[in-house]
>>> print(open('query.txt').read())   # compact mmCIF, C-alpha atoms
# COMPACT_ATOMS: atom_id res chain seq x y z
CA MET A 1 0.00 0.00 0.00
CA ALA A 2 2.90 2.25 0.64
CA ASN A 3 3.98 2.14 -3.00
CA GLU A 4 2.45 4.99 -4.92
CA LYS A 5 0.80 3.93 -8.17
CA GLY A 6 0.68 6.08 -11.29
CA LYS A 7 -2.42 7.12 -13.14
CA LYS A 8 -3.66 4.45 -15.52
CA CYS A 9 -5.79 5.39 -18.49
CA LYS A 10 -7.46 3.00 -20.87
CA SER A 11 -9.05 3.98 -24.15
CA GLU A 12 -10.02 0.61 -25.63
CA GLY A 13 -13.51 0.33 -27.06
CA ALA A 14 -13.86 -3.12 -25.47
CA SER A 15 -13.26 -4.42 -21.94
CA ARG A 16 -11.63 -7.86 -21.78
CA LEU A 17 -13.25 -10.03 -19.14
CA ALA A 18 -12.59 -13.53 -17.86
CA SER A 19 -15.43 -15.02 -19.87
CA GLY A 20 -14.64 -13.27 -23.11
CA ILE A 21 -14.89 -9.78 -24.56
CA VAL A 22 -17.75 -7.40 -23.85
CA PHE A 23 -17.93 -4.50 -26.26
CA ILE A 24 -18.80 -1.08 -24.85
CA TYR A 25 -20.04 0.90 -27.85
CA SER A 26 -18.49 4.28 -28.44
CA ALA A 27 -19.25 6.06 -31.71
CA PRO A 28 -16.29 7.64 -33.51
CA MET A 29 -15.76 11.36 -33.22
CA ARG A 30 -17.23 13.23 -36.18
CA ARG A 31 -17.84 16.76 -37.41
CA ASP A 32 -20.90 17.70 -39.42
CA ILE A 33 -20.93 19.89 -42.51
CA VAL A 34 -22.44 23.23 -41.49
CA THR A 35 -24.51 24.81 -44.23
CA VAL A 36 -26.15 28.22 -44.17
CA GLU A 37 -29.53 26.47 -44.15
CA ARG A 38 -28.63 24.50 -40.99
CA PHE A 39 -27.37 27.63 -39.30
CA TYR A 40 -30.53 29.50 -40.21
CA THR A 41 -32.94 26.67 -39.33
CA GLN A 42 -31.42 25.95 -35.93
CA HIS A 43 -30.76 29.52 -34.80
CA ALA A 44 -33.23 31.76 -36.61
CA SER A 45 -35.25 32.23 -33.43
CA SER A 46 -32.44 33.01 -30.98
CA LEU A 47 -30.58 35.24 -33.47
CA GLU A 48 -33.80 36.81 -34.85
CA LEU A 49 -32.72 36.11 -38.40
CA HIS A 50 -34.90 36.97 -41.39
CA LEU A 51 -34.06 35.84 -44.92
CA VAL A 52 -34.01 38.84 -47.26
CA ALA A 53 -32.50 37.45 -50.47
CA GLY A 54 -30.41 34.65 -51.96
CA ALA A 55 -32.58 31.69 -50.97
CA GLU A 56 -31.02 29.65 -53.80
CA GLY A 57 -27.69 29.70 -51.95
CA LEU A 58 -28.81 28.24 -48.61
CA GLN A 59 -26.76 25.10 -49.28
CA ARG A 60 -23.51 27.11 -49.17
CA VAL A 61 -21.07 25.74 -46.59
CA ILE A 62 -19.80 27.74 -43.62
CA ARG A 63 -16.21 26.57 -43.23
CA GLU A 64 -15.08 28.41 -40.09
CA PRO A 65 -16.87 28.52 -36.70
CA THR A 66 -16.90 32.27 -36.25
CA VAL A 67 -18.01 35.48 -37.96
CA ASN A 68 -16.24 38.31 -39.73
CA ARG A 69 -16.89 42.03 -40.20
CA PRO A 70 -15.75 42.82 -43.77
CA GLY A 71 -14.77 46.45 -43.14
CA LEU A 72 -11.27 46.15 -44.62
CA ALA A 73 -12.58 44.22 -47.63
CA LEU A 74 -15.16 46.93 -48.29
CA ALA A 75 -12.35 49.49 -48.08
CA GLY A 76 -10.43 47.59 -50.75
CA PHE A 77 -7.94 45.51 -48.74
CA THR A 78 -8.78 41.85 -49.40
CA ARG A 79 -5.44 40.05 -48.90
CA TYR A 80 -6.44 38.55 -45.54
CA PHE A 81 -10.17 38.59 -46.09
CA ALA A 82 -11.81 35.80 -44.03
CA SER A 83 -14.30 34.96 -46.76
CA LYS A 84 -15.18 31.49 -45.42
CA ARG A 85 -17.02 32.94 -42.42
CA VAL A 86 -20.46 34.43 -41.91
CA GLN A 87 -20.09 38.12 -42.86
CA VAL A 88 -21.65 40.67 -40.49
CA ILE A 89 -22.58 44.17 -41.61
CA GLY A 90 -22.95 46.52 -38.68
CA ASN A 91 -23.44 50.23 -38.16
CA ALA A 92 -19.91 51.23 -39.28
CA GLU A 93 -20.00 49.16 -42.49
CA SER A 94 -23.49 50.38 -43.41
CA HIS A 95 -22.63 54.07 -43.03
CA PHE A 96 -19.32 53.60 -44.84
CA LEU A 97 -21.13 52.13 -47.86
CA LYS A 98 -23.67 54.95 -47.87
CA SER A 99 -20.84 57.48 -47.95
CA LEU A 100 -19.46 56.09 -51.22
CA PRO A 101 -20.53 57.32 -54.68
CA ALA A 102 -22.87 54.88 -56.44
CA GLU A 103 -20.27 53.73 -59.01
CA GLU A 104 -17.57 53.19 -56.39
CA ARG A 105 -20.00 51.35 -54.15
CA GLU A 106 -20.88 49.02 -57.02
CA ARG A 107 -17.20 48.24 -57.62
CA ARG A 108 -16.76 47.39 -53.94
CA TYR A 109 -19.75 45.06 -54.14
CA GLN A 110 -18.28 43.32 -57.18
CA THR A 111 -15.00 42.78 -55.34
CA LEU A 112 -16.83 41.46 -52.29
CA PHE A 113 -19.01 39.02 -54.20
CA SER A 114 -16.06 37.69 -56.20
CA HIS A 115 -15.20 35.68 -53.06
CA LYS A 116 -17.07 32.52 -52.06
CA ILE A 117 -18.91 33.99 -49.09
CA PRO A 118 -21.38 31.77 -47.18
CA CYS A 119 -23.84 34.55 -46.31
CA PHE A 120 -24.28 38.12 -45.06
CA VAL A 121 -26.11 39.28 -41.94
CA PHE A 122 -27.18 42.93 -41.59
CA CYS A 123 -27.51 43.90 -37.92
CA ARG A 124 -29.52 46.66 -36.19
CA GLY A 125 -32.37 46.13 -38.64
CA PHE A 126 -30.40 47.61 -41.55
CA HIS A 127 -31.54 46.62 -45.04
CA PRO A 128 -29.14 46.21 -47.98
CA ASP A 129 -29.62 48.56 -50.90
CA ARG A 130 -31.04 47.48 -54.26
CA GLU A 131 -27.63 46.92 -55.88
CA PHE A 132 -26.43 44.72 -53.00
CA LEU A 133 -29.58 42.61 -53.28
CA ARG A 134 -29.14 42.29 -57.05
CA MET A 135 -25.54 41.10 -56.59
CA ALA A 136 -26.65 38.62 -53.90
CA GLU A 137 -29.32 37.12 -56.15
CA LYS A 138 -26.89 36.96 -59.06
CA HIS A 139 -24.26 35.06 -57.03
CA ASN A 140 -26.78 33.07 -54.92
CA VAL A 141 -25.48 34.43 -51.62
CA PRO A 142 -28.08 34.40 -48.80
CA ILE A 143 -28.73 37.74 -47.12
CA PHE A 144 -30.25 38.00 -43.64
CA ASN A 145 -31.05 40.84 -41.33
CA THR A 146 -31.61 40.96 -37.59
CA PRO A 147 -32.75 43.69 -35.17
CA GLN A 148 -29.99 42.74 -32.73
CA ILE A 149 -27.09 45.12 -32.15
CA THR A 150 -23.89 44.00 -33.83
CA MET A 151 -21.86 42.87 -30.81
CA LYS A 152 -24.76 40.92 -29.32
CA PHE A 153 -25.30 39.10 -32.60
CA ILE A 154 -21.57 38.37 -32.98
CA ASN A 155 -21.36 36.88 -29.47
CA LEU A 156 -24.45 34.70 -29.87
CA ALA A 157 -23.61 33.61 -33.42
CA THR A 158 -20.04 32.68 -32.46
CA LEU A 159 -21.28 30.49 -29.60
CA ALA A 160 -23.85 28.86 -31.88
CA LEU A 161 -21.28 28.16 -34.61
CA GLU A 162 -18.74 26.75 -32.14
CA MET A 163 -21.32 24.22 -30.94
CA MET A 164 -22.26 23.30 -34.52
CA PHE A 165 -18.60 22.75 -35.43
CA ALA A 166 -17.71 20.91 -32.21
CA PRO A 167 -16.71 17.23 -32.56
CA HIS A 168 -19.48 14.96 -31.33
CA GLY A 169 -20.54 11.34 -31.02
CA SER A 170 -22.54 9.09 -28.73
CA GLU A 171 -21.92 6.78 -25.80
CA MET A 172 -23.94 3.76 -24.76
CA GLY A 173 -25.01 4.51 -21.20
CA SER A 174 -27.35 6.62 -19.10
CA MET A 175 -26.25 9.92 -17.58
CA VAL A 176 -27.18 11.47 -14.25
CA ASP A 177 -26.23 14.74 -12.57
CA ILE A 178 -25.28 13.95 -8.94
CA LEU A 179 -24.75 17.21 -7.04
CA GLY A 180 -22.98 18.80 -10.01
CA VAL A 181 -21.02 15.68 -11.00
CA GLY A 182 -22.01 14.38 -14.45
CA VAL A 183 -21.93 10.57 -14.34
CA ILE A 184 -22.37 8.16 -17.25
CA ILE A 185 -23.54 4.74 -16.06
CA ARG A 186 -22.84 1.93 -18.49
CA GLY A 187 -22.66 -1.86 -18.58
CA GLU A 188 -24.17 -4.94 -20.15
CA SER A 189 -27.87 -5.12 -20.89
CA GLY A 190 -29.86 -6.21 -17.82
CA ILE A 191 -27.10 -5.53 -15.31
CA GLY A 192 -29.11 -2.87 -13.48
CA LYS A 193 -28.36 0.50 -15.10
CA SER A 194 -32.00 1.64 -15.29
CA GLU A 195 -32.75 0.56 -11.73
CA SER A 196 -29.71 2.47 -10.47
CA VAL A 197 -30.68 5.59 -12.40
CA LEU A 198 -34.25 5.37 -11.13
CA ALA A 199 -33.05 5.07 -7.53
CA LEU A 200 -30.78 8.10 -7.99
CA ILE A 201 -33.67 10.13 -9.42
CA GLU A 202 -35.79 9.16 -6.41
CA ARG A 203 -33.05 10.61 -4.21
CA GLY A 204 -33.43 13.98 -5.93
CA TYR A 205 -30.73 13.82 -8.59
CA SER A 206 -31.31 14.74 -12.24
CA LEU A 207 -31.57 12.59 -15.36
CA VAL A 208 -29.62 13.85 -18.36
CA SER A 209 -30.09 10.95 -20.76
CA ASP A 210 -31.25 7.35 -20.80
CA ASP A 211 -29.47 4.47 -22.53
CA ILE A 212 -27.67 6.58 -25.16
CA THR A 213 -25.84 9.80 -24.31
CA LYS A 214 -24.96 12.28 -27.05
CA VAL A 215 -21.54 13.81 -26.41
CA THR A 216 -19.97 17.03 -27.69
CA LEU A 217 -16.40 18.26 -27.26
CA VAL A 218 -16.35 21.92 -26.20
CA ASP A 219 -13.18 24.04 -26.39
CA GLY A 220 -11.17 20.87 -26.96
CA ARG A 221 -11.16 20.03 -23.24
CA GLU A 222 -14.68 19.45 -21.88
CA VAL A 223 -17.11 16.74 -22.96
CA ILE A 224 -20.78 17.69 -22.63
CA GLY A 225 -23.45 15.01 -22.46
CA THR A 226 -27.09 15.41 -23.45
CA SER A 227 -30.07 13.40 -24.65
CA ALA A 228 -31.63 13.05 -28.06
CA GLU A 229 -34.47 15.55 -28.34
CA ILE A 230 -37.08 12.89 -29.10
CA THR A 231 -36.35 10.83 -25.94
CA ARG A 232 -35.67 13.69 -23.53
CA ASN A 233 -37.44 13.42 -20.13
CA HIS A 234 -38.13 9.71 -20.70
CA MET A 235 -36.45 6.49 -19.64
CA GLU A 236 -37.13 2.79 -20.10
CA VAL A 237 -37.41 0.53 -17.06
CA ARG A 238 -37.43 -3.16 -17.86
CA GLY A 239 -40.70 -4.75 -16.77
CA ILE A 240 -42.49 -1.40 -16.44
CA GLY A 241 -41.92 0.28 -19.78
CA ILE A 242 -41.44 3.95 -20.66
CA VAL A 243 -41.45 6.37 -17.72
CA ASN A 244 -41.93 10.13 -18.07
CA VAL A 245 -39.45 11.32 -15.47
CA ALA A 246 -40.49 14.99 -15.59
CA ALA A 247 -44.18 14.12 -15.08
CA MET A 248 -43.56 11.54 -12.37
CA PHE A 249 -40.77 13.13 -10.32
CA GLY A 250 -40.96 16.80 -11.32
CA VAL A 251 -38.94 19.03 -13.62
CA LYS A 252 -36.19 19.38 -11.00
CA CYS A 253 -35.20 15.80 -11.86
CA ILE A 254 -34.40 16.69 -15.49
CA ARG A 255 -31.30 18.40 -16.83
CA GLN A 256 -30.79 19.07 -20.53
CA GLU A 257 -27.00 18.86 -20.59
CA LYS A 258 -24.05 18.37 -18.24
CA ARG A 259 -20.28 18.07 -18.40
CA ILE A 260 -19.12 14.46 -18.08
CA ASP A 261 -16.94 14.11 -14.97
CA LEU A 262 -17.09 10.36 -14.32
CA VAL A 263 -17.88 7.06 -16.05
CA VAL A 264 -19.20 4.24 -13.85
CA THR A 265 -19.02 0.83 -15.47
CA LEU A 266 -21.12 -1.94 -13.93
CA LYS A 267 -19.73 -5.48 -14.34
CA VAL A 268 -20.77 -8.89 -13.06
CA TRP A 269 -18.83 -9.70 -9.87
CA ASP A 270 -17.24 -12.92 -11.16
CA GLU A 271 -16.01 -11.24 -14.32
CA VAL A 272 -14.00 -8.57 -12.50
CA ILE A 273 -10.63 -10.21 -11.99
CA ASP A 274 -8.66 -7.36 -10.45
CA VAL A 275 -10.66 -4.88 -8.39
CA GLU A 276 -8.97 -1.67 -7.30
CA ARG A 277 -9.33 -1.91 -3.51
CA LEU A 278 -7.58 1.26 -2.37
CA GLY A 279 -8.29 3.92 -4.99
CA LEU A 280 -4.66 4.89 -5.49
CA GLU A 281 -4.78 3.95 -9.15
CA GLU A 282 -7.16 6.07 -11.20
CA GLN A 283 -8.43 4.53 -14.40
CA CYS A 284 -9.67 6.61 -17.30
CA VAL A 285 -11.56 6.08 -20.54
CA LYS A 286 -11.31 8.33 -23.57
CA ILE A 287 -14.42 10.09 -24.82
CA LEU A 288 -13.84 12.27 -27.90
CA GLY A 289 -10.13 12.15 -27.08
CA VAL A 290 -10.51 13.43 -23.51
CA ASP A 291 -9.57 11.28 -20.52
CA ILE A 292 -12.58 10.83 -18.21
CA PRO A 293 -12.12 9.09 -14.81
CA GLU A 294 -13.70 5.63 -14.71
CA ILE A 295 -14.75 3.50 -11.75
CA ILE A 296 -15.66 -0.17 -12.21
CA ILE A 297 -18.27 -1.43 -9.74
CA PRO A 298 -18.69 -5.21 -9.43
CA VAL A 299 -22.36 -6.21 -9.34
CA ARG A 300 -23.79 -8.97 -7.17
CA PRO A 301 -27.19 -9.52 -5.48
CA GLY A 302 -27.73 -7.36 -2.42
CA ARG A 303 -25.39 -4.52 -3.37
CA ASP A 304 -26.97 -1.06 -3.36
CA LEU A 305 -25.69 0.10 -6.74
CA ALA A 306 -27.34 3.54 -6.53
CA ARG A 307 -25.60 4.21 -3.20
CA LEU A 308 -22.26 3.06 -4.58
CA ILE A 309 -22.61 5.28 -7.68
CA GLU A 310 -23.58 8.18 -5.42
CA VAL A 311 -20.45 7.66 -3.27
CA ALA A 312 -18.31 7.36 -6.42
CA ALA A 313 -19.62 10.77 -7.56
CA PHE A 314 -18.90 12.28 -4.13
CA GLN A 315 -15.39 10.79 -4.30
CA THR A 316 -14.83 12.40 -7.71
CA LYS A 317 -16.02 15.74 -6.37
CA LEU A 318 -13.66 15.41 -3.39
CA ARG A 319 -10.70 14.64 -5.63
CA ALA A 320 -11.53 17.63 -7.83
CA SER A 321 -11.23 19.84 -4.75
CA GLY A 322 -7.75 18.49 -4.05
CA HIS A 323 -8.48 15.70 -1.54
CA ASN A 324 -7.48 12.09 -2.21
CA PRO A 325 -8.43 9.90 0.78
CA ALA A 326 -6.39 6.91 -0.43
CA GLN A 327 -3.31 9.03 -0.99
CA GLU A 328 -3.73 10.77 2.36
CA LEU A 329 -3.98 7.41 4.18
CA ASN A 330 -1.00 6.11 2.23
CA GLU A 331 1.11 9.09 3.34
CA ARG A 332 0.02 8.59 6.95
CA LEU A 333 1.08 4.93 6.82
CA ILE A 334 4.45 5.85 5.33
CA ALA A 335 4.97 8.45 8.06
CA LYS A 336 3.93 5.92 10.72
CA MET A 337 6.36 3.25 9.43
CA ALA A 338 9.17 5.82 9.21
CA SER A 339 8.63 6.93 12.82
CA GLU A 340 8.61 3.30 14.06
CA ARG A 341 11.93 2.59 12.35
CA LYS A 342 13.53 5.49 14.24
CA ILE A 343 12.51 4.11 17.62
>>> encode(input="query.txt", output="structure tokens")
Amino acid sequence: MANEKGKKCKSEGASRLASGIVFIYSAPMRRDIVTVERFYTQHASSLELHLVAGAEGLQRVIREPTVNRPGLALAGFTRYFASKRVQVIGNAESHFLKSLPAEERERRYQTLFSHKIPCFVFCRGFHPDREFLRMAEKHNVPIFNTPQITMKFINLATLALEMMFAPHGSEMGSMVDILGVGVIIRGESGIGKSESVLALIERGYSLVSDDITKVTLVDGREVIGTSAEITRNHMEVRGIGIVNVAAMFGVKCIRQEKRIDLVVTLKVWDEVIDVERLGLEEQCVKILGVDIPEIIIPVRPGRDLARLIEVAAFQTKLRASGHNPAQELNERLIAKMASERKI
């Protein structure tokens, strides 16, 4: 016990057991193609977007997860023009264009539309002039406007685009929020996942997803779990059927999304050859390339799985605050043995 063990991380998609190999499904990380139509459909309400022109170009692809204000491009400097982004026309750009003579303004438009721009968004309720609309229709570039002020739109649109571009996948397992600790519970079919989740919900904790958890990598360091929209608020309990958690236990027992802090894997007792007894060695599994702490709980009749999962979540929270009970006890034993040798 006195020997300190290093951190052990495993990223295999399958866990090798004594009786064979049990596959724990983990979908590969993927990125979706983000079109203007997807951006508009998913965020038209929150961004207050209204399509003004260029409907034929809604299938254009947005290639970078941010926005750009094309002030320099409108002024004639296009060397570093970020043309692959959503272009935002604010107060400064609108008044600059109005200050130009009609012929010069038309030349600037021609230069602008010579690039493969996904779309334009006019903020503050500004409307493009007739020539701009004609150019947009000619080149099939969608034009939107929004009543939002420019900086508010930029902030909200950037967040929306980052989520759309974020790598994502899915994990087989249910997810629960236990006092701020996001826990995915996974294991073989019939091992007791649903019963454990139900018991945790009865204790006042919140369901995030049942059976399959959708995962998204945010900022390259945090994995967020959520449920598919169609199954949200519901879970399946073998022998009972579909349960509406929000209706039965109240909306406080539902959470739409949560960061994944811990994976609890339930395994049949006899199939767990080497159980970590002390907690000095921390195992991890990779989800979307991020190491997530994993605890394997052997299952046998009479064990209160919900209580064990609850304690595992508390343990994770304690470690996050800088306390490691196993390590602290190990250091006390080392100090005790050292003092006895001096006597």
>>> closest_atom_pairs(input="query.txt", of="region 158-248 of chain A", to="region 281-304 of chain A", cutoff="9 Å", atoms="only C-alpha atoms", output="Markdown table")
| residue | atom | partner | partner_atom | distance |
| --- | --- | --- | --- | --- |
| A:Pro167 | CA | A:Leu288 | CA | 7.4 |
| A:His168 | CA | A:Leu288 | CA | 7.1 |
| A:Gly169 | CA | A:Leu288 | CA | 7.4 |
| A:Glu171 | CA | A:Ile287 | CA | 8.3 |
| A:Ile191 | CA | A:Val299 | CA | 7.7 |
| A:Gly192 | CA | A:Val299 | CA | 8.6 |
| A:Ser196 | CA | A:Asp304 | CA | 8.4 |
| A:Val215 | CA | A:Leu288 | CA | 8.0 |
| A:Thr216 | CA | A:Leu288 | CA | 7.8 |
| A:Leu217 | CA | A:Leu288 | CA | 6.5 |
| A:Gly220 | CA | A:Val290 | CA | 8.2 |
| A:Arg221 | CA | A:Val290 | CA | 6.6 |
| A:Glu222 | CA | A:Val290 | CA | 7.5 |
| A:Val223 | CA | A:Val290 | CA | 7.4 |
>>> closest_residue(input="query.txt", among="A:Thr213, A:Gln59, A:Thr150, A:Ser46", to="Met172 (chain A)", atoms="all atoms listed in the file")
A:Thr213
>>> residues_around(input="query.txt", residues="Lys214 (chain A)", least_positions_apart="5", cutoff="7 Å", atoms="all atoms listed in the file", output="number ranges by chain")
A: 169-171, 225-228
>>> closest_atom_pairs(input="query.txt", of="region 106-185 of chain A", to="region 88-99 of chain A", cutoff="6 Å", atoms="all atoms listed in the file", output="CSV")
residue,atom,partner,partner_atom,distance
A:Phe120,CA,A:Val88,CA,5.9
A:Val121,CA,A:Val88,CA,4.9
A:Phe122,CA,A:Ile89,CA,4.8
A:Cys123,CA,A:Gly90,CA,5.3
A:Thr150,CA,A:Gly90,CA,5.5
>>> atom_distance(input="query.txt", atom1="CA of Met151 (chain A)", atom2="CA of Arg85 (chain A)")
16.0 Å
>>> closest_residue(input="query.txt", among="A:Leu72, A:Ala53, A:Ala102, A:Val263", to="Ile143 (chain A)", atoms="all atoms listed in the file")
A:Ala53
>>> closest_residue(input="query.txt", among="A:Thr41, A:Asn145, A:Thr111, A:Thr35", to="Lys84 (chain A)", atoms="all atoms listed in the file")
A:Thr35
>>> residues_around(input="query.txt", residues="Ser194 (chain A)", least_positions_apart="4", cutoff="9 Å", atoms="all atoms listed in the file", output="list of chain:residue names")
A:Ser174, A:Gly190, A:Leu198, A:Ala199, A:Asp210, A:Asp211, A:Met235, A:Glu236, A:Val237, A:Arg238
>>> write_last_selection(input="query.txt", atoms="C-alpha atoms", output="PDB file, keeping the file's coordinate frame")
ATOM      1  CA  SER A 174     -27.350   6.620 -19.100  1.00  0.00           C
ATOM      2  CA  GLY A 190     -29.860  -6.210 -17.820  1.00  0.00           C
ATOM      3  CA  LEU A 198     -34.250   5.370 -11.130  1.00  0.00           C
ATOM      4  CA  ALA A 199     -33.050   5.070  -7.530  1.00  0.00           C
ATOM      5  CA  ASP A 210     -31.250   7.350 -20.800  1.00  0.00           C
ATOM      6  CA  ASP A 211     -29.470   4.470 -22.530  1.00  0.00           C
ATOM      7  CA  MET A 235     -36.450   6.490 -19.640  1.00  0.00           C
ATOM      8  CA  GLU A 236     -37.130   2.790 -20.100  1.00  0.00           C
ATOM      9  CA  VAL A 237     -37.410   0.530 -17.060  1.00  0.00           C
ATOM     10  CA  ARG A 238     -37.430  -3.160 -17.860  1.00  0.00           C
TER      11      ARG A 238
END
>>> closest_residue(input="query.txt", among="A:Val243, A:Val52, A:Leu179, A:Val268", to="Asp129 (chain A)", atoms="only C-alpha atoms")
A:Val52
